[in-house]
>>> print(open('query_26.cif').read())   # mmCIF, C-alpha atoms
data_query
loop_
_atom_site.label_atom_id
_atom_site.label_comp_id
_atom_site.auth_asym_id
_atom_site.auth_seq_id
_atom_site.Cartn_x
_atom_site.Cartn_y
_atom_site.Cartn_z
CA MET A 1 -17.61 -62.70 62.82
CA ILE A 2 -20.84 -60.99 61.74
CA LYS A 3 -18.82 -58.66 59.53
CA HIS A 4 -17.04 -61.67 58.03
CA PHE A 5 -20.38 -63.39 57.39
CA LYS A 6 -21.79 -60.27 55.68
CA ALA A 7 -18.67 -59.96 53.56
CA THR A 8 -18.93 -63.61 52.53
CA VAL A 9 -22.59 -63.21 51.57
CA LEU A 10 -21.80 -60.05 49.62
CA VAL A 11 -19.00 -61.74 47.69
CA GLY A 12 -21.33 -64.65 46.98
CA LEU A 13 -24.08 -62.38 45.69
CA LEU A 14 -21.67 -60.42 43.52
CA GLY A 15 -20.41 -63.68 42.09
CA LEU A 16 -23.97 -64.79 41.39
CA PHE A 17 -24.97 -61.56 39.65
CA GLY A 18 -21.66 -61.40 37.82
CA ALA A 19 -22.22 -64.88 36.45
CA ALA A 20 -25.74 -63.95 35.39
CA GLY A 21 -24.37 -60.93 33.55
CA VAL A 22 -22.25 -63.13 31.28
CA SER A 23 -24.53 -66.13 31.14
CA ALA A 24 -25.26 -67.79 27.83
CA GLU A 25 -28.22 -66.51 25.87
CA ASN A 26 -30.51 -68.31 23.46
CA ILE A 27 -31.03 -65.69 20.76
CA LYS A 28 -33.76 -65.79 18.14
CA LEU A 29 -33.61 -63.45 15.13
CA ARG A 30 -36.14 -63.11 12.33
CA ILE A 31 -34.52 -62.56 8.94
CA ALA A 32 -36.52 -61.91 5.79
CA SER A 33 -36.76 -60.50 2.29
CA GLY A 34 -39.66 -59.85 -0.03
CA HIS A 35 -37.60 -61.44 -2.80
CA PRO A 36 -37.36 -65.25 -3.07
CA ALA A 37 -34.18 -67.32 -2.80
CA ALA A 38 -34.02 -67.34 -6.61
CA ASN A 39 -32.45 -63.90 -6.19
CA THR A 40 -28.70 -64.24 -5.73
CA TYR A 41 -28.53 -62.03 -2.64
CA VAL A 42 -31.41 -63.84 -0.92
CA ASN A 43 -29.73 -67.15 -1.70
CA LEU A 44 -26.62 -65.78 0.02
CA MET A 45 -28.67 -64.64 3.02
CA GLN A 46 -30.07 -68.15 3.34
CA ASN A 47 -27.00 -70.21 2.48
CA PHE A 48 -24.11 -68.04 3.66
CA PHE A 49 -25.09 -65.35 6.15
CA VAL A 50 -27.46 -67.40 8.34
CA PRO A 51 -25.34 -70.59 8.63
CA GLU A 52 -22.08 -68.64 9.08
CA VAL A 53 -23.42 -66.45 11.88
CA THR A 54 -24.98 -69.52 13.53
CA LYS A 55 -21.73 -71.49 13.29
CA ARG A 56 -19.42 -68.70 14.50
CA VAL A 57 -21.65 -67.79 17.45
CA ALA A 58 -21.62 -71.46 18.51
CA GLN A 59 -17.85 -71.77 18.06
CA ARG A 60 -16.70 -68.48 19.56
CA THR A 61 -19.24 -67.53 22.23
CA THR A 62 -21.26 -69.11 25.02
CA HIS A 63 -24.48 -68.16 23.23
CA LYS A 64 -26.73 -69.95 20.80
CA ILE A 65 -28.44 -68.19 17.91
CA GLU A 66 -31.45 -69.35 15.93
CA PHE A 67 -32.77 -67.68 12.81
CA VAL A 68 -36.41 -67.70 11.78
CA GLU A 69 -36.30 -67.20 8.03
CA GLY A 70 -38.96 -65.75 5.77
CA TYR A 71 -38.21 -65.15 2.09
CA GLY A 72 -40.33 -64.56 -0.98
CA GLY A 73 -42.77 -62.27 0.82
CA SER A 74 -43.75 -64.74 3.56
CA MET A 75 -42.93 -62.18 6.27
CA VAL A 76 -42.57 -58.89 4.38
CA LYS A 77 -43.28 -57.77 0.82
CA VAL A 78 -40.57 -56.24 -1.37
CA ALA A 79 -41.79 -52.68 -0.77
CA ASP A 80 -42.39 -53.15 2.97
CA THR A 81 -39.08 -54.53 4.21
CA LEU A 82 -37.60 -51.24 5.45
CA GLU A 83 -40.75 -50.65 7.49
CA GLY A 84 -40.68 -54.27 8.69
CA VAL A 85 -37.19 -53.81 10.13
CA GLN A 86 -38.05 -50.35 11.48
CA SER A 87 -41.07 -51.62 13.42
CA GLY A 88 -39.35 -54.78 14.67
CA LEU A 89 -41.69 -57.07 12.75
CA ILE A 90 -38.45 -58.62 11.51
CA ASP A 91 -34.95 -58.17 12.92
CA ILE A 92 -32.89 -58.34 9.72
CA GLY A 93 -34.07 -57.51 6.23
CA GLY A 94 -32.63 -57.55 2.73
CA TYR A 95 -34.25 -55.21 0.23
CA CYS A 96 -33.88 -52.94 -2.78
CA PHE A 97 -33.69 -49.20 -2.19
CA CYS A 98 -35.55 -48.92 -5.50
CA PHE A 99 -38.80 -49.43 -3.60
CA GLU A 100 -37.95 -46.65 -1.13
CA GLY A 101 -37.82 -43.65 -3.44
CA SER A 102 -39.32 -41.28 -0.87
CA ASN A 103 -37.50 -42.67 2.17
CA LEU A 104 -34.06 -43.32 0.65
CA PRO A 105 -33.89 -41.19 -2.51
CA LEU A 106 -30.12 -40.80 -2.54
CA ASN A 107 -29.18 -44.41 -1.75
CA SER A 108 -29.98 -45.38 -5.35
CA PHE A 109 -27.22 -43.07 -6.58
CA GLN A 110 -25.55 -45.58 -8.92
CA VAL A 111 -28.79 -45.79 -10.91
CA MET A 112 -28.52 -42.03 -11.53
CA LEU A 113 -25.30 -42.70 -13.47
CA PRO A 114 -26.25 -45.38 -16.03
CA PHE A 115 -23.65 -47.18 -18.14
CA GLY A 116 -21.33 -47.61 -15.18
CA THR A 117 -19.17 -50.65 -14.54
CA MET A 118 -20.68 -54.00 -15.46
CA SER A 119 -18.53 -55.70 -12.81
CA PRO A 120 -20.55 -56.48 -9.65
CA GLU A 121 -17.30 -56.77 -7.68
CA LYS A 122 -16.25 -53.27 -8.70
CA SER A 123 -19.78 -51.95 -8.21
CA VAL A 124 -20.00 -52.99 -4.56
CA LYS A 125 -16.45 -51.72 -3.86
CA LEU A 126 -17.34 -48.44 -5.55
CA ALA A 127 -20.50 -48.10 -3.48
CA ARG A 128 -18.60 -48.87 -0.28
CA ALA A 129 -16.02 -46.19 -1.12
CA VAL A 130 -18.81 -43.63 -1.58
CA TYR A 131 -20.58 -44.68 1.63
CA ASP A 132 -17.30 -44.34 3.52
CA LYS A 133 -16.79 -40.81 2.20
CA VAL A 134 -20.39 -39.62 2.74
CA PRO A 135 -21.59 -40.69 6.23
CA TYR A 136 -25.15 -39.52 5.53
CA LEU A 137 -25.77 -42.57 3.34
CA SER A 138 -25.40 -44.92 6.33
CA LYS A 139 -26.62 -42.59 9.06
CA VAL A 140 -30.02 -42.06 7.43
CA PHE A 141 -30.97 -45.64 8.33
CA GLU A 142 -30.14 -45.07 12.01
CA ASP A 143 -31.44 -41.53 12.33
CA LYS A 144 -34.76 -42.00 10.54
CA PHE A 145 -35.59 -45.69 10.36
CA ASN A 146 -34.32 -47.34 13.58
CA GLN A 147 -31.98 -49.71 11.77
CA GLN A 148 -28.32 -50.20 11.03
CA LEU A 149 -27.03 -50.86 7.53
CA ILE A 150 -24.77 -53.89 7.88
CA ALA A 151 -24.16 -54.79 4.21
CA LEU A 152 -24.44 -53.36 0.75
CA ILE A 153 -25.67 -55.71 -1.98
CA SER A 154 -24.61 -55.62 -5.62
CA ASP A 155 -26.81 -56.75 -8.46
CA ASN A 156 -25.44 -58.28 -11.61
CA GLY A 157 -25.02 -56.21 -14.77
CA TYR A 158 -28.29 -54.73 -16.04
CA ASN A 159 -29.37 -55.28 -19.64
CA ILE A 160 -32.76 -55.48 -21.29
CA GLY A 161 -34.85 -58.52 -22.19
CA THR A 162 -37.87 -58.29 -24.49
CA THR A 163 -40.63 -60.32 -26.11
CA PHE A 164 -39.69 -58.70 -29.44
CA GLU A 165 -36.50 -58.28 -31.44
CA TRP A 166 -34.97 -54.81 -31.79
CA ASN A 167 -31.75 -53.43 -33.19
CA ASN A 168 -31.95 -49.65 -33.07
CA PHE A 169 -32.53 -47.40 -30.10
CA SER A 170 -35.53 -45.82 -31.87
CA GLU A 171 -37.37 -49.18 -32.04
CA LEU A 172 -38.05 -49.05 -28.29
CA LYS A 173 -40.18 -45.93 -28.62
CA GLY A 174 -43.73 -46.50 -27.38
CA ARG A 175 -43.00 -50.03 -26.14
CA LYS A 176 -44.10 -50.94 -22.62
CA ILE A 177 -41.05 -52.08 -20.66
CA ALA A 178 -40.80 -52.76 -16.94
CA GLY A 179 -38.28 -51.65 -14.38
CA ALA A 180 -38.09 -50.78 -10.71
CA GLY A 181 -37.78 -47.31 -9.23
CA LEU A 182 -35.29 -44.98 -10.83
CA ASN A 183 -34.21 -47.24 -13.67
CA LEU A 184 -37.62 -46.45 -15.17
CA LYS A 185 -36.00 -43.14 -16.14
CA TRP A 186 -33.59 -45.02 -18.41
CA LEU A 187 -36.67 -46.14 -20.35
CA GLU A 188 -38.51 -42.84 -20.24
CA TYR A 189 -35.61 -40.93 -21.79
CA ALA A 190 -35.38 -43.59 -24.51
CA GLY A 191 -39.02 -42.99 -25.44
CA ALA A 192 -40.27 -46.33 -24.09
CA VAL A 193 -43.32 -46.53 -21.82
CA PRO A 194 -41.96 -47.37 -18.35
CA VAL A 195 -43.96 -49.72 -16.12
CA GLN A 196 -43.16 -50.14 -12.42
CA SER A 197 -42.99 -53.83 -11.51
CA SER A 198 -41.15 -56.43 -9.44
CA LEU A 199 -39.54 -59.72 -10.43
CA PRO A 200 -42.20 -62.00 -8.90
CA GLU A 201 -44.74 -60.40 -11.30
CA ALA A 202 -42.54 -60.49 -14.41
CA TYR A 203 -43.43 -63.90 -15.89
CA THR A 204 -47.20 -63.46 -15.88
CA SER A 205 -47.04 -59.81 -16.89
CA MET A 206 -44.97 -60.51 -20.01
CA GLN A 207 -46.98 -63.62 -20.78
CA THR A 208 -50.23 -61.61 -20.76
CA GLY A 209 -48.84 -58.50 -22.46
CA VAL A 210 -49.03 -56.12 -19.51
CA TYR A 211 -45.56 -55.13 -20.71
CA ASN A 212 -43.15 -56.44 -23.33
CA GLY A 213 -39.75 -56.33 -21.67
CA TRP A 214 -37.72 -55.83 -18.53
CA ILE A 215 -34.54 -54.03 -17.56
CA MET A 216 -32.93 -57.01 -15.89
CA PHE A 217 -29.67 -58.84 -15.18
CA PRO A 218 -29.26 -62.33 -16.69
CA SER A 219 -29.67 -64.19 -13.38
CA GLY A 220 -33.19 -62.78 -13.13
CA TRP A 221 -33.98 -64.03 -16.64
CA VAL A 222 -32.69 -67.50 -15.82
CA ASN A 223 -33.92 -67.92 -12.25
CA PHE A 224 -37.43 -66.62 -12.91
CA LYS A 225 -37.71 -68.59 -16.19
CA LEU A 226 -38.41 -65.43 -18.17
CA ASN A 227 -36.83 -67.15 -21.17
CA GLU A 228 -40.12 -69.00 -21.56
CA VAL A 229 -42.08 -65.81 -22.27
CA ALA A 230 -39.42 -63.43 -23.64
CA LYS A 231 -36.94 -64.85 -26.15
CA HIS A 232 -34.72 -61.79 -26.73
CA TYR A 233 -31.98 -60.58 -24.40
CA SER A 234 -29.79 -57.61 -25.36
CA GLU A 235 -26.54 -56.86 -23.55
CA VAL A 236 -26.88 -53.08 -23.33
CA GLY A 237 -24.52 -52.66 -20.39
CA PHE A 238 -26.42 -50.28 -18.12
CA GLY A 239 -24.10 -51.28 -15.29
CA ALA A 240 -24.00 -53.50 -12.23
CA ILE A 241 -25.88 -51.53 -9.60
CA THR A 242 -25.41 -51.64 -5.82
CA TRP A 243 -28.78 -50.42 -4.60
CA HIS A 244 -29.84 -53.17 -2.22
CA GLY A 245 -28.84 -53.48 1.38
CA MET A 246 -29.21 -55.65 4.47
CA THR A 247 -30.16 -53.92 7.71
CA ILE A 248 -30.77 -54.91 11.32
CA ASN A 249 -33.20 -53.31 13.74
CA LYS A 250 -31.15 -50.84 15.77
CA SER A 251 -32.89 -51.55 19.09
CA ARG A 252 -32.56 -55.31 18.67
CA MET A 253 -28.89 -55.02 17.74
CA ALA A 254 -28.18 -52.97 20.88
CA LYS A 255 -29.65 -55.74 23.07
CA LEU A 256 -27.45 -58.46 21.61
CA PRO A 257 -24.26 -59.50 23.42
CA LYS A 258 -21.24 -57.58 22.13
CA ASP A 259 -19.51 -60.71 20.83
CA VAL A 260 -22.62 -61.64 18.83
CA GLN A 261 -22.86 -58.12 17.43
CA ALA A 262 -19.24 -58.37 16.29
CA ILE A 263 -19.88 -61.68 14.51
CA ILE A 264 -22.94 -60.31 12.71
CA ILE A 265 -20.92 -57.33 11.45
CA GLU A 266 -18.03 -59.60 10.46
CA VAL A 267 -20.19 -62.01 8.45
CA ALA A 268 -22.22 -59.17 6.93
CA LYS A 269 -19.00 -57.68 5.56
CA GLU A 270 -18.11 -61.01 3.93
CA PHE A 271 -21.69 -61.33 2.64
CA GLU A 272 -21.34 -57.88 1.04
CA ALA A 273 -18.21 -58.93 -0.83
CA LYS A 274 -19.86 -62.19 -1.93
CA THR A 275 -22.78 -60.36 -3.55
CA GLY A 276 -20.12 -58.96 -5.86
CA SER A 277 -18.01 -62.06 -6.44
CA VAL A 278 -20.89 -64.54 -6.81
CA ASN A 279 -22.68 -62.29 -9.30
CA GLU A 280 -19.39 -61.73 -11.15
CA GLU A 281 -18.84 -65.46 -11.52
CA GLY A 282 -22.45 -66.08 -12.44
CA TYR A 283 -22.84 -63.56 -15.27
CA PRO A 284 -21.04 -65.44 -18.11
CA LYS A 285 -22.58 -68.73 -17.01
CA GLN A 286 -26.08 -67.23 -17.06
CA ILE A 287 -25.53 -65.65 -20.46
CA ALA A 288 -24.41 -69.06 -21.77
CA GLN A 289 -27.40 -70.71 -20.11
CA LEU A 290 -29.81 -68.28 -21.76
CA LYS A 291 -28.40 -69.26 -25.14
CA THR A 292 -28.88 -72.96 -24.42
CA LEU A 293 -32.47 -72.18 -23.41
CA GLY A 294 -33.15 -70.81 -26.87
CA VAL A 295 -32.92 -67.10 -26.07
CA ASN A 296 -31.60 -64.78 -28.78
CA VAL A 297 -28.73 -63.14 -26.87
CA LYS A 298 -26.83 -60.32 -28.52
CA SER A 299 -24.56 -57.46 -27.51
CA VAL A 300 -25.70 -54.09 -28.85
CA PRO A 301 -23.18 -52.00 -30.80
CA ASP A 302 -21.38 -49.15 -29.04
CA SER A 303 -23.41 -46.69 -31.11
CA VAL A 304 -26.63 -47.83 -29.39
CA ARG A 305 -24.97 -47.45 -26.00
CA VAL A 306 -23.76 -43.94 -26.86
CA ASP A 307 -27.17 -42.91 -28.23
CA TRP A 308 -28.88 -44.15 -25.08
CA ALA A 309 -26.32 -42.46 -22.81
CA ASN A 310 -26.73 -39.20 -24.73
CA SER A 311 -30.49 -39.30 -24.18
CA LEU A 312 -29.74 -39.42 -20.43
CA LYS A 313 -26.87 -36.92 -20.45
CA GLY A 314 -28.63 -34.19 -18.49
CA TRP A 315 -30.54 -36.46 -16.11
CA PRO A 316 -27.85 -36.93 -13.42
CA GLN A 317 -27.59 -33.15 -12.99
CA THR A 318 -31.38 -32.91 -12.77
CA MET A 319 -31.41 -35.52 -10.02
CA ALA A 320 -28.54 -33.82 -8.18
CA THR A 321 -30.24 -30.42 -8.31
CA ASP A 322 -33.57 -31.80 -7.09
CA LEU A 323 -32.05 -33.75 -4.20
CA ASP A 324 -29.65 -30.96 -3.22
CA ALA A 325 -32.69 -28.70 -2.88
CA LYS A 326 -34.10 -31.18 -0.34
CA GLY A 327 -30.96 -30.87 1.77
CA LEU A 328 -29.31 -34.09 0.60
CA PRO A 329 -25.63 -34.27 -0.47
CA ALA A 330 -26.52 -35.48 -3.96
CA SER A 331 -23.99 -33.48 -5.99
CA GLN A 332 -21.22 -34.60 -3.66
CA VAL A 333 -22.27 -38.26 -3.93
CA LEU A 334 -22.54 -38.26 -7.73
CA LYS A 335 -19.22 -36.46 -8.21
CA ILE A 336 -17.44 -38.93 -5.91
CA THR A 337 -19.08 -41.86 -7.73
CA LEU A 338 -17.93 -40.61 -11.14
CA GLU A 339 -14.40 -40.04 -9.89
CA GLU A 340 -14.10 -43.32 -7.96
CA ALA A 341 -15.37 -45.26 -10.98
CA GLU A 342 -12.72 -43.64 -13.15
CA LYS A 343 -10.04 -44.47 -10.59
CA MET A 344 -11.12 -48.10 -11.06
CA GLY A 345 -10.55 -47.73 -14.79
CA HIS A 346 -14.13 -47.20 -15.97
CA LYS A 347 -14.76 -45.11 -19.08
CA TRP A 348 -18.24 -43.62 -19.41
CA PRO A 349 -19.73 -43.71 -22.94
CA VAL A 350 -20.85 -40.14 -22.23
CA ARG A 351 -19.16 -38.34 -19.33
CA TYR A 352 -21.84 -36.89 -17.09
CA VAL A 353 -21.10 -33.47 -15.63
CA ILE A 354 -22.25 -32.52 -12.13
CA LYS A 355 -21.84 -28.86 -11.22
#
>>> encode(input="query_26.cif", output="structure tokens")
Amino acid sequence: MIKHFKATVLVGLLGLFGAAGVSAENIKLRIASGHPAANTYVNLMQNFFVPEVTKRVAQRTTHKIEFVEGYGGSMVKVADTLEGVQSGLIDIGGYCFCFEGSNLPLNSFQVMLPFGTMSPEKSVKLARAVYDKVPYLSKVFEDKFNQQLIALISDNGYNIGTTFEWNNFSELKGRKIAGAGLNLKWLEYAGAVPVQSSLPEAYTSMQTGVYNGWIMFPSGWVNFKLNEVAKHYSEVGFGAITWHGMTINKSRMAKLPKDVQAIIIEVAKEFEAKTGSVNEEGYPKQIAQLKTLGVNVKSVPDSVRVDWANSLKGWPQTMATDLDAKGLPASQVLKITLEEAEKMGHKWPVRYVIK
């Protein structure tokens, strides 16, 4: 009888602890970006990723998830988001690798091959194909920065907007034009004076003459009202670049219930695709909107594109050589990117050669 009593108690305790092990959790995650919701990808974080994860966790698990959101620099600045996720200050962050030149020098690889596809949908698929073939690109986040890359983020097609009219490549020489990170090299090789900046600073800086133009996609020109201070927008066709990402703190992710982890990964994959499709749909609308706002929008002739690409012809090899010397698989990444882009039907105005 004593044995039976002990057995009954043991079964009861096991049942109790077993129930505790699968009990519902109230989960709170902090999600942030230094960019405001005027940026397409931040808008998608706020209006797609957060509500979809919240809804699916409620529908398909016993848990409840709540997001604490901080965009536009309220939790982290644009250049501090990687460190914010790494330290656990925030759990999930969206940011541009352009501000992490020393930490993530190879993850901006599409920028090293200007005049790529202008399709954001193709850009993000191209980047995903390269990431899948070169594991280093994803593993660096986990191995060095205590975070997991859960989504790539495509920008819209990059062009150039200015406060002045220009027609020939040579007219940019000596002009102060802004960019971010490696796309400053596009300006440097053209003879312009590159100025490092970020979108939240663009309006005031062009208004006051700190610089006279920006390498920027049309959504940036529309959403940040840059049409008010810079009336010229030239469709140069530098390419739609996938050089942003969304990451989650690795330690925090590991503590989440497995079913919640799976939902986050699932929605992040859909979010990744949407950064391509939403930007793709938005581009012609934003170009049309710029025209209605009184901006002089024009497409540069192919000769300008070829001249500009020729000025940059040797730069991809320079970047590959420098990064290879640091132990990074740069030549491999750039070769794969060139080949995968061509498989998608892209024709480079000048075919870069990587040895």
>>> atom_distance(input="query_26.cif", atom1="CA of Ala58 in chain A", atom2="CA of Leu44 in chain A")
20.0 Å
>>> axis_aligned_box(input="query_26.cif", around="range 258-272 of chain A", padding_each_side="5 Å", output="JSON")
{"center_x": -20.5, "center_y": -59.7, "center_z": 11.6, "size_x": 14.9, "size_y": 14.7, "size_z": 31.1}
>>> atom_distance(input="query_26.cif", atom1="CA of Lys250 in chain A", atom2="CA of Leu334 in chain A")
28.0 Å
>>> resolve_selection(input="query_26.cif", expression="the PyMOL selection byres ((chain A and resi 304) around 10)", output="list in words")
Asn167, Asn168, Phe169, Ser170, Val236, Val300, Pro301, Asp302, Ser303, Arg305, Val306, Asp307, Trp308, Ala309 and Asn310 of chain A
>>> write_last_selection(input="query_26.cif", atoms="C-alpha atoms", output="JSON list (two decimals), in the frame of the given file")
[["chain", "number", "residue", "atom", "x", "y", "z"],
["A", 167, "ASN", "CA", -31.75, -53.43, -33.19],
["A", 168, "ASN", "CA", -31.95, -49.65, -33.07],
["A", 169, "PHE", "CA", -32.53, -47.40, -30.10],
["A", 170, "SER", "CA", -35.53, -45.82, -31.87],
["A", 236, "VAL", "CA", -26.88, -53.08, -23.33],
["A", 300, "VAL", "CA", -25.70, -54.09, -28.85],
["A", 301, "PRO", "CA", -23.18, -52.00, -30.80],
["A", 302, "ASP", "CA", -21.38, -49.15, -29.04],
["A", 303, "SER", "CA", -23.41, -46.69, -31.11],
["A", 305, "ARG", "CA", -24.97, -47.45, -26.00],
["A", 306, "VAL", "CA", -23.76, -43.94, -26.86],
["A", 307, "ASP", "CA", -27.17, -42.91, -28.23],
["A", 308, "TRP", "CA", -28.88, -44.15, -25.08],
["A", 309, "ALA", "CA", -26.32, -42.46, -22.81],
["A", 310, "ASN", "CA", -26.73, -39.20, -24.73]]
>>> closest_residue(input="query_26.cif", among="A:Asn103, A:Ser154, A:Thr337, A:Thr81", to="Lys274 in chain A", atoms="all atoms listed in the file")
A:Ser154
>>> closest_residue(input="query_26.cif", among="A:Val140, A:Ala268, A:Leu293, A:Ile92", to="Gly34 in chain A", atoms="only C-alpha atoms")
A:Ile92
>>> closest_residue(input="query_26.cif", among="A:Met253, A:Ile90, A:Val297, A:Leu29", to="Trp166 in chain A", atoms="only C-alpha atoms")
A:Val297
>>> resolve_selection(input="query_26.cif", expression="the PyMOL selection byres ((chain A and resi 186-190) around 10)", output="ChimeraX atom specification")
/A:111-114,169-179,182-185,191-195,214-215,238,307-313,315
>>> residues_around(input="query_26.cif", residues="Phe115 in chain A", least_positions_apart="6", cutoff="7 Å", atoms="all atoms listed in the file", output="number ranges by chain")
A: 237-239, 348
>>> resolve_selection(input="query_26.cif", expression="the PyMOL selection byres ((chain A and resi 340) around 12)", output="PyMOL selection string")
chain A and resi 110+116-117+122-133+333-339+341-347
>>> residues_around(input="query_26.cif", residues="Ser102 in chain A", least_positions_apart="6", cutoff="12 Å", atoms="all atoms listed in the file", output="PyMOL selection string")
chain A and resi 79+82+108+181-182+323+326
>>> residues_around(input="query_26.cif", residues="Tyr203 in chain A", least_positions_apart="3", cutoff="9 Å", atoms="all atoms listed in the file", output="list in words")
Leu199, Pro200, Met206, Gln207, Thr208, Phe224, Lys225, Leu226, Glu228, Val229 and Ala230 of chain A
>>> atom_distance(input="query_26.cif", atom1="CA of Tyr211 in chain A", atom2="CA of Tyr41 in chain A")
25.8 Å
>>> closest_residue(input="query_26.cif", among="A:Phe49, A:Tyr136, A:Tyr71, A:Phe145", to="Gln86 in chain A", atoms="only C-alpha atoms")
A:Phe145
>>> closest_residue(input="query_26.cif", among="A:Lys255, A:His232, A:Arg351, A:Lys139", to="Asn296 in chain A", atoms="all atoms listed in the file")
A:His232
>>> residues_around(input="query_26.cif", residues="Gly94 in chain A", least_positions_apart="6", cutoff="7 Å", atoms="all atoms listed in the file", output="PyMOL selection string")
chain A and resi 32-33+245-247
>>> residues_around(input="query_26.cif", residues="Thr321 in chain A", least_positions_apart="4", cutoff="9 Å", atoms="only C-alpha atoms", output="list in words")
Pro316, Gln317, Ala325, Lys326, Ala330 and Ser331 of chain A
>>> write_last_selection(input="query_26.cif", atoms="C-alpha atoms", output="PDB file, in the coordinates of the input")
ATOM      1  CA  PRO A 316     -27.850 -36.930 -13.420  1.00  0.00           C
ATOM      2  CA  GLN A 317     -27.590 -33.150 -12.990  1.00  0.00           C
ATOM      3  CA  ALA A 325     -32.690 -28.700  -2.880  1.00  0.00           C
ATOM      4  CA  LYS A 326     -34.100 -31.180  -0.340  1.00  0.00           C
ATOM      5  CA  ALA A 330     -26.520 -35.480  -3.960  1.00  0.00           C
ATOM      6  CA  SER A 331     -23.990 -33.480  -5.990  1.00  0.00           C
TER       7      SER A 331
END
>>> closest_residue(input="query_26.cif", among="A:Asn159, A:Asn39, A:Ser251, A:Ser23", to="Tyr95 in chain A", atoms="all atoms listed in the file")
A:Asn39
